[in-house]
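Chemist: Please read through the structure below; I'll follow up with questions.
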Amino acid sequence: MKSFLNVQDLGDLGRALAEAQEIKRDRYKFEQLGRNKTLLMVFFNNSLRTRLSTQKAALNLGMNVIVLDVNAGAWKLETERGVIMDGDKSEHLLEAIPVMGSYCDVIGIRSFAGLTDRAYDYAETVFNQFVQYSGRPVFAMETATVHPLQAFADLITIEEHKKVARPKVVLTWAPHPRSLPQAVPNSFAQWMNAADVDFVITQPEGYELDPAFVQGARVEYDQMKAFEGADFIYAKNWSCPGVTSPEDYGKILHDYHTMMHWTVDAEHMSWTNNAHFMHCLPVRRNMIVTDDVIEAPTSLVIPEAANREISATVVLKRILESLK
């Protein structure tokens, strides 16, 4: 595996899930794979779980790790071609990328959507520049449109806690005071569509995700109807994806105060089949989810976060095996 961005890059999901459990039983089983290999983690945005879990995964595999915070510990980088660089950006990404590649064997990239230019974001411009110019395998630690390490960890968590062979999994929009990217819901939808689950997406009108990620999933605008009989509820906010109205891309379409009835509370969970609650974290309590739901025994937010180490270890293991 030379790069990792989408579920298809991982191949057979059943095999990947089995590999995840093998690693979970012995996190250091493959530590010789990364001996004398270096991972460079490049962060254009803040991180807690992704930074810690991916670094831990690399250490599990015996790798050296370099962490670069672009906005705090490097020159400001220009990302677009043809720009006269007379502003505050001192270095172009097209020079910086091959330099970074010369210091490492594998590169992880975290770069959020700008939420102003849909075409630029959905072309995965920054990620693909690293793929093209670094000369190294590149994997996504969240990009403009996807967060595959999170979605893989979500799937591992669902497999570990499901009570029926084919559970009903619901992705629900929830209110938020800020405009957020679609990366987490996009990837969650993509991975659930690839898995053997009954998958439903529920959101207010205007927040329809890109059809490339929705695929054949059922979309239900009635949140109560969507929750009926659900085994897992995955709550997440996202801004307008701009599918039918590009001019609204990245916008919040309603004052969040008027949308608080979408917050997942005990009443919402009572509509389900005693469902587990999931969220990628960080979460704004009593906006996305109420205290009693996230603290309930059915909440999986901590096991879900812990599985980020496992998903990252599987992905890095696959990449290291491709370097042989």
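Labels for the structure tokens follow display order: chains A, B, ..., residues from 1 in each chain, ligands from 1.
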Quick check for you: according to DSSP on this backbone, which residues of segment 25-248 of chain A are classed as strand (DSSP E or B)? Reply as a compact mmCIF listing (two decimals) with N, CA, C and O atoms, in the first residue's frame.
Modeler:
# COMPACT_ATOMS: atom_id res chain seq x y z
N THR A 38 11.71 5.87 9.34
CA THR A 38 11.28 7.10 9.98
C THR A 38 9.93 7.56 9.43
O THR A 38 9.75 7.63 8.21
N LEU A 39 9.01 7.86 10.34
CA LEU A 39 7.72 8.46 10.00
C LEU A 39 7.79 9.95 10.25
O LEU A 39 8.21 10.39 11.32
N LEU A 40 7.41 10.74 9.25
CA LEU A 40 7.25 12.17 9.41
C LEU A 40 5.75 12.48 9.46
O LEU A 40 5.02 12.17 8.52
N MET A 41 5.29 13.07 10.54
CA MET A 41 3.90 13.47 10.70
C MET A 41 3.83 14.99 10.53
O MET A 41 4.42 15.74 11.32
N VAL A 42 3.11 15.43 9.50
CA VAL A 42 3.02 16.86 9.17
C VAL A 42 1.62 17.36 9.52
O VAL A 42 0.62 16.90 8.96
N PHE A 43 1.55 18.32 10.45
CA PHE A 43 0.27 18.85 10.92
C PHE A 43 0.11 20.30 10.47
O PHE A 43 0.86 21.17 10.89
N ASN A 64 11.17 5.35 14.00
CA ASN A 64 11.50 6.67 14.50
C ASN A 64 10.39 7.61 14.06
O ASN A 64 9.77 7.41 13.01
N VAL A 65 10.14 8.67 14.84
CA VAL A 65 9.04 9.59 14.52
C VAL A 65 9.52 11.03 14.59
O VAL A 65 10.16 11.44 15.55
N ILE A 66 9.21 11.80 13.54
CA ILE A 66 9.42 13.25 13.52
C ILE A 66 8.05 13.90 13.38
O ILE A 66 7.25 13.49 12.54
N VAL A 67 7.78 14.91 14.21
CA VAL A 67 6.51 15.62 14.15
C VAL A 67 6.77 17.07 13.76
O VAL A 67 7.59 17.75 14.40
N LEU A 68 6.10 17.54 12.71
CA LEU A 68 6.24 18.92 12.26
C LEU A 68 4.89 19.63 12.34
O LEU A 68 3.93 19.23 11.68
N ASP A 69 4.83 20.68 13.17
CA ASP A 69 3.66 21.55 13.21
C ASP A 69 3.94 22.73 12.28
O ASP A 69 4.69 23.64 12.63
N LEU A 77 3.73 28.23 4.63
CA LEU A 77 3.87 27.60 3.32
C LEU A 77 2.78 28.03 2.35
O LEU A 77 1.59 28.01 2.68
N GLU A 78 3.19 28.38 1.15
CA GLU A 78 2.25 28.64 0.06
C GLU A 78 1.90 27.30 -0.59
O GLU A 78 2.76 26.44 -0.75
N GLU A 91 7.88 30.15 2.02
CA GLU A 91 8.33 28.95 1.31
C GLU A 91 7.15 28.30 0.60
O GLU A 91 6.02 28.33 1.10
N HIS A 92 7.43 27.73 -0.55
CA HIS A 92 6.37 27.04 -1.30
C HIS A 92 6.37 25.57 -0.95
O HIS A 92 7.44 24.95 -0.75
N VAL A 106 8.16 7.48 5.38
CA VAL A 106 6.70 7.53 5.27
C VAL A 106 6.25 8.89 5.78
O VAL A 106 6.82 9.43 6.72
N ILE A 107 5.20 9.44 5.14
CA ILE A 107 4.67 10.75 5.55
C ILE A 107 3.18 10.65 5.85
O ILE A 107 2.41 10.10 5.05
N GLY A 108 2.77 11.19 7.00
CA GLY A 108 1.36 11.35 7.33
C GLY A 108 1.00 12.81 7.26
O GLY A 108 1.75 13.67 7.73
N ILE A 109 -0.16 13.12 6.66
CA ILE A 109 -0.57 14.51 6.44
C ILE A 109 -1.90 14.78 7.13
O ILE A 109 -2.85 14.01 7.00
N ARG A 110 -1.96 15.91 7.85
CA ARG A 110 -3.23 16.39 8.42
C ARG A 110 -3.43 17.82 7.93
O ARG A 110 -2.69 18.73 8.30
N VAL A 138 2.38 8.09 1.37
CA VAL A 138 1.69 9.16 2.09
C VAL A 138 0.34 8.63 2.57
O VAL A 138 -0.39 7.98 1.83
N PHE A 139 0.00 8.92 3.83
CA PHE A 139 -1.31 8.52 4.33
C PHE A 139 -1.99 9.71 5.00
O PHE A 139 -1.35 10.65 5.47
N ALA A 140 -3.31 9.65 5.01
CA ALA A 140 -4.13 10.76 5.51
C ALA A 140 -4.35 10.65 7.01
O ALA A 140 -4.84 9.63 7.50
N LYS A 168 -27.90 -1.97 12.62
CA LYS A 168 -28.33 -0.72 12.02
C LYS A 168 -27.47 0.41 12.59
O LYS A 168 -27.42 0.61 13.81
N VAL A 169 -26.81 1.13 11.70
CA VAL A 169 -25.89 2.21 12.08
C VAL A 169 -26.43 3.52 11.51
O VAL A 169 -26.69 3.62 10.30
N VAL A 170 -26.60 4.51 12.37
CA VAL A 170 -27.16 5.80 11.95
C VAL A 170 -26.13 6.90 12.14
O VAL A 170 -25.60 7.08 13.25
N LEU A 171 -25.85 7.63 11.09
CA LEU A 171 -25.04 8.85 11.16
C LEU A 171 -26.00 10.02 11.24
O LEU A 171 -26.80 10.26 10.32
N THR A 172 -25.95 10.77 12.35
CA THR A 172 -26.87 11.89 12.52
C THR A 172 -26.13 13.22 12.62
O THR A 172 -25.13 13.34 13.34
N TRP A 173 -26.61 14.19 11.88
CA TRP A 173 -26.13 15.56 12.01
C TRP A 173 -26.55 16.10 13.38
O TRP A 173 -27.57 15.69 13.94
N ASP A 198 -26.55 -2.04 8.10
CA ASP A 198 -27.72 -1.31 7.59
C ASP A 198 -27.48 0.15 7.92
O ASP A 198 -27.61 0.57 9.07
N PHE A 199 -27.11 0.94 6.92
CA PHE A 199 -26.60 2.29 7.16
C PHE A 199 -27.62 3.35 6.74
O PHE A 199 -28.16 3.32 5.63
N VAL A 200 -27.86 4.30 7.66
CA VAL A 200 -28.80 5.40 7.42
C VAL A 200 -28.12 6.72 7.79
O VAL A 200 -27.41 6.80 8.80
N ILE A 201 -28.34 7.74 6.97
CA ILE A 201 -27.86 9.09 7.26
C ILE A 201 -29.07 9.98 7.49
O ILE A 201 -30.02 9.97 6.72
N THR A 202 -29.02 10.76 8.57
CA THR A 202 -30.11 11.70 8.82
C THR A 202 -29.55 13.09 9.07
O THR A 202 -28.59 13.26 9.84
N ARG A 218 -29.30 4.97 2.77
CA ARG A 218 -30.61 5.59 2.90
C ARG A 218 -30.46 6.92 3.62
O ARG A 218 -29.80 7.01 4.66
N VAL A 219 -31.06 7.95 3.05
CA VAL A 219 -31.05 9.28 3.67
C VAL A 219 -32.45 9.56 4.19
O VAL A 219 -33.44 9.47 3.45
N GLU A 220 -32.52 9.91 5.48
CA GLU A 220 -33.81 10.13 6.14
C GLU A 220 -33.78 11.50 6.83
O GLU A 220 -32.92 11.74 7.68
N PHE A 232 -26.43 1.52 16.64
CA PHE A 232 -25.34 2.47 16.85
C PHE A 232 -25.79 3.84 16.34
O PHE A 232 -26.32 3.95 15.22
N ILE A 233 -25.56 4.87 17.15
CA ILE A 233 -25.82 6.25 16.75
C ILE A 233 -24.48 6.99 16.72
O ILE A 233 -23.79 7.06 17.73
N TYR A 234 -24.14 7.49 15.54
CA TYR A 234 -22.90 8.25 15.37
C TYR A 234 -23.28 9.70 15.11
O TYR A 234 -23.83 10.03 14.06
N ALA A 235 -23.02 10.57 16.07
CA ALA A 235 -23.40 11.98 15.95
C ALA A 235 -22.21 12.80 15.48
O ALA A 235 -21.08 12.60 15.93
N LYS A 236 -22.47 13.72 14.56
CA LYS A 236 -21.40 14.59 14.07
C LYS A 236 -22.02 15.79 13.36
O LYS A 236 -22.98 15.65 12.62
Chemist: Once DSSP has gone over the backbone, tell me which residues of segment 58-150 of chain A are in helix (DSSP H, G or I), as a PyMOL selection string.
Modeler: chain A and resi 58-60+70-73+93-101+118-122+125-133+148-150
Chemist: Tell me, in Å to one decimal, how far atom CA of Gly206 of chain A is from atom CA of Thr263 of chain A.
Modeler: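 It comes out at 17.6 Å.
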Chemist: Please provide as number ranges by chain all residues within 12 Å of Trp262 of chain A, with the sequence filter that same-chain residues fewer than 4 positions apart are discarded (counting only C-alpha atoms).
Modeler: A: 172-176, 202-204, 221-224, 227, 235-237, 256-258, 266-269, 286-290
Chemist: Would you mind reading off the distance between atom CA of Ser111 of chain A and atom CA of Glu19 of chain A, one decimal, in Å?
Modeler: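 Separation between atom CA of Ser111 of chain A and atom CA of Glu19 of chain A: 27.7 Å.
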Chemist: Fewer than 4 positions away in the same chain doesn't count, so skip those; otherwise give me all residues within 12 Å of Met141 of chain A, counting only C-alpha atoms, as a PyMOL selection string.
Modeler: chain A and resi 3-6+40-55+107-112+127+145-152+183-184+187+308+311-312+315-316
Chemist: Applying 10 Å and only C-alpha atoms, which residues near Asp12 of chain A remain after dropping the ones on its own chain fewer than 5 positions away? List them as a list in words.
Modeler: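 That gives Val7, Leu17 and Ala194 of chain A.
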Chemist: Write out the residues from the selection above, keeping all heavy atoms, as a PDB file, in the first residue's frame.
Modeler:
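Result saved to result.pdb:
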ATOM      1  N   VAL A   7     -11.250   3.943   1.771  1.00  0.00           N
ATOM      2  CA  VAL A   7     -11.440   2.565   2.220  1.00  0.00           C
ATOM      3  C   VAL A   7     -10.915   1.567   1.188  1.00  0.00           C
ATOM      4  O   VAL A   7     -10.395   0.509   1.549  1.00  0.00           O
ATOM      5  CB  VAL A   7     -12.926   2.302   2.548  1.00  0.00           C
ATOM      6  CG1 VAL A   7     -13.801   2.412   1.301  1.00  0.00           C
ATOM      7  CG2 VAL A   7     -13.105   0.957   3.232  1.00  0.00           C
ATOM      8  N   LEU A  17      -9.891  -6.149   9.383  1.00  0.00           N
ATOM      9  CA  LEU A  17     -10.437  -6.233  10.736  1.00  0.00           C
ATOM     10  C   LEU A  17      -9.792  -7.369  11.524  1.00  0.00           C
ATOM     11  O   LEU A  17      -9.521  -7.226  12.724  1.00  0.00           O
ATOM     12  CB  LEU A  17     -11.954  -6.426  10.669  1.00  0.00           C
ATOM     13  CG  LEU A  17     -12.747  -5.190  10.238  1.00  0.00           C
ATOM     14  CD1 LEU A  17     -14.183  -5.558   9.897  1.00  0.00           C
ATOM     15  CD2 LEU A  17     -12.710  -4.113  11.320  1.00  0.00           C
ATOM     16  N   ALA A 194     -19.118   0.314   2.767  1.00  0.00           N
ATOM     17  CA  ALA A 194     -18.267  -0.821   2.388  1.00  0.00           C
ATOM     18  C   ALA A 194     -18.414  -1.989   3.353  1.00  0.00           C
ATOM     19  O   ALA A 194     -18.029  -3.116   3.025  1.00  0.00           O
ATOM     20  CB  ALA A 194     -16.805  -0.377   2.330  1.00  0.00           C
TER      21      ALA A 194
END
Chemist: Between atom CA of Thr298 of chain A and atom CA of Asp231 of chain A, what distance in Å does the model show, to one decimal?
Modeler: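 Interatomic distance, atom CA of Thr298 of chain A to atom CA of Asp231 of chain A: 10.3 Å.
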Chemist: Using only C-alpha atoms, which residues sit within 7 Å of segment 22-34 of chain A once same-chain residues fewer than 4 positions away are excluded, as a list in words?
Modeler: Ala18, Asn60, Leu61, Gly62, Met63, Ile310 and Leu320 of chain A
Chemist: Go ahead and write the residues just picked, N, CA and C atoms, as a PDB file, in the first residue's frame.
Modeler:
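Done, and the output landed in part10.pdb:
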ATOM      1  N   ALA A  18      -9.526  -8.481  10.863  1.00  0.00           N
ATOM      2  CA  ALA A  18      -8.835  -9.588  11.528  1.00  0.00           C
ATOM      3  C   ALA A  18      -7.422  -9.173  11.918  1.00  0.00           C
ATOM      4  N   ASN A  60       4.949   1.340  18.101  1.00  0.00           N
ATOM      5  CA  ASN A  60       4.622  -0.087  18.171  1.00  0.00           C
ATOM      6  C   ASN A  60       5.377  -0.875  17.109  1.00  0.00           C
ATOM      7  N   LEU A  61       5.561  -0.225  15.956  1.00  0.00           N
ATOM      8  CA  LEU A  61       6.189  -0.889  14.808  1.00  0.00           C
ATOM      9  C   LEU A  61       7.685  -0.632  14.726  1.00  0.00           C
ATOM     10  N   GLY A  62       8.244  -0.033  15.789  1.00  0.00           N
ATOM     11  CA  GLY A  62       9.697   0.163  15.844  1.00  0.00           C
ATOM     12  C   GLY A  62      10.212   1.338  15.045  1.00  0.00           C
ATOM     13  N   MET A  63       9.351   2.261  14.641  1.00  0.00           N
ATOM     14  CA  MET A  63       9.771   3.383  13.809  1.00  0.00           C
ATOM     15  C   MET A  63      10.308   4.552  14.619  1.00  0.00           C
ATOM     16  N   ILE A 310      -5.023   1.309  16.986  1.00  0.00           N
ATOM     17  CA  ILE A 310      -5.065   0.047  16.245  1.00  0.00           C
ATOM     18  C   ILE A 310      -5.210   0.305  14.753  1.00  0.00           C
ATOM     19  N   LEU A 320       4.613  -0.197   5.555  1.00  0.00           N
ATOM     20  CA  LEU A 320       5.976  -0.699   5.758  1.00  0.00           C
ATOM     21  C   LEU A 320       6.214  -1.984   4.977  1.00  0.00           C
TER      22      LEU A 320
END
Chemist: Might you pull out every residue within 8 Å of Ala189 of chain A, with only C-alpha atoms counted and same-chain residues fewer than 4 positions away left off, and present them as a list of chain:residue names?
Modeler: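 Residues near the query, excluding close chain neighbours: A:Leu171, A:Pro185, A:Asn193, A:Phe213, A:Val214, A:Ala217.
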Chemist: Please produce a file of those selected residues containing N, CA, C and O atoms, as a PDB file, in the first residue's frame.
Modeler:
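Final output, saved to out09.pdb:
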ATOM      1  N   LEU A 171     -25.851   7.630  11.090  1.00  0.00           N
ATOM      2  CA  LEU A 171     -25.043   8.850  11.158  1.00  0.00           C
ATOM      3  C   LEU A 171     -26.003  10.023  11.238  1.00  0.00           C
ATOM      4  O   LEU A 171     -26.801  10.255  10.323  1.00  0.00           O
ATOM      5  N   PRO A 185     -17.834  12.795   8.576  1.00  0.00           N
ATOM      6  CA  PRO A 185     -19.021  12.132   8.035  1.00  0.00           C
ATOM      7  C   PRO A 185     -18.804  11.517   6.658  1.00  0.00           C
ATOM      8  O   PRO A 185     -19.357  10.450   6.355  1.00  0.00           O
ATOM      9  N   ASN A 193     -20.688   2.107   4.123  1.00  0.00           N
ATOM     10  CA  ASN A 193     -21.196   1.555   2.865  1.00  0.00           C
ATOM     11  C   ASN A 193     -20.392   0.347   2.414  1.00  0.00           C
ATOM     12  O   ASN A 193     -20.927  -0.549   1.752  1.00  0.00           O
ATOM     13  N   PHE A 213     -19.790   9.810  -1.497  1.00  0.00           N
ATOM     14  CA  PHE A 213     -19.663   9.191  -0.182  1.00  0.00           C
ATOM     15  C   PHE A 213     -20.975   8.567   0.290  1.00  0.00           C
ATOM     16  O   PHE A 213     -20.970   7.532   0.947  1.00  0.00           O
ATOM     17  N   VAL A 214     -22.094   9.175  -0.060  1.00  0.00           N
ATOM     18  CA  VAL A 214     -23.398   8.631   0.337  1.00  0.00           C
ATOM     19  C   VAL A 214     -23.668   7.307  -0.359  1.00  0.00           C
ATOM     20  O   VAL A 214     -24.173   6.352   0.237  1.00  0.00           O
ATOM     21  N   ALA A 217     -26.528   4.587   0.496  1.00  0.00           N
ATOM     22  CA  ALA A 217     -27.077   4.703   1.850  1.00  0.00           C
ATOM     23  C   ALA A 217     -28.453   5.355   1.825  1.00  0.00           C
ATOM     24  O   ALA A 217     -28.749   6.197   0.978  1.00  0.00           O
TER      25      ALA A 217
END
Chemist: Pick the closest to Leu281 of chain A from A:Pro297, A:Tyr122, A:Glu80, A:Ile302: which is it, counting only C-alpha atoms?
Modeler: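 The shortest atom-to-atom distance to Leu281 of chain A comes from A:Ile302.
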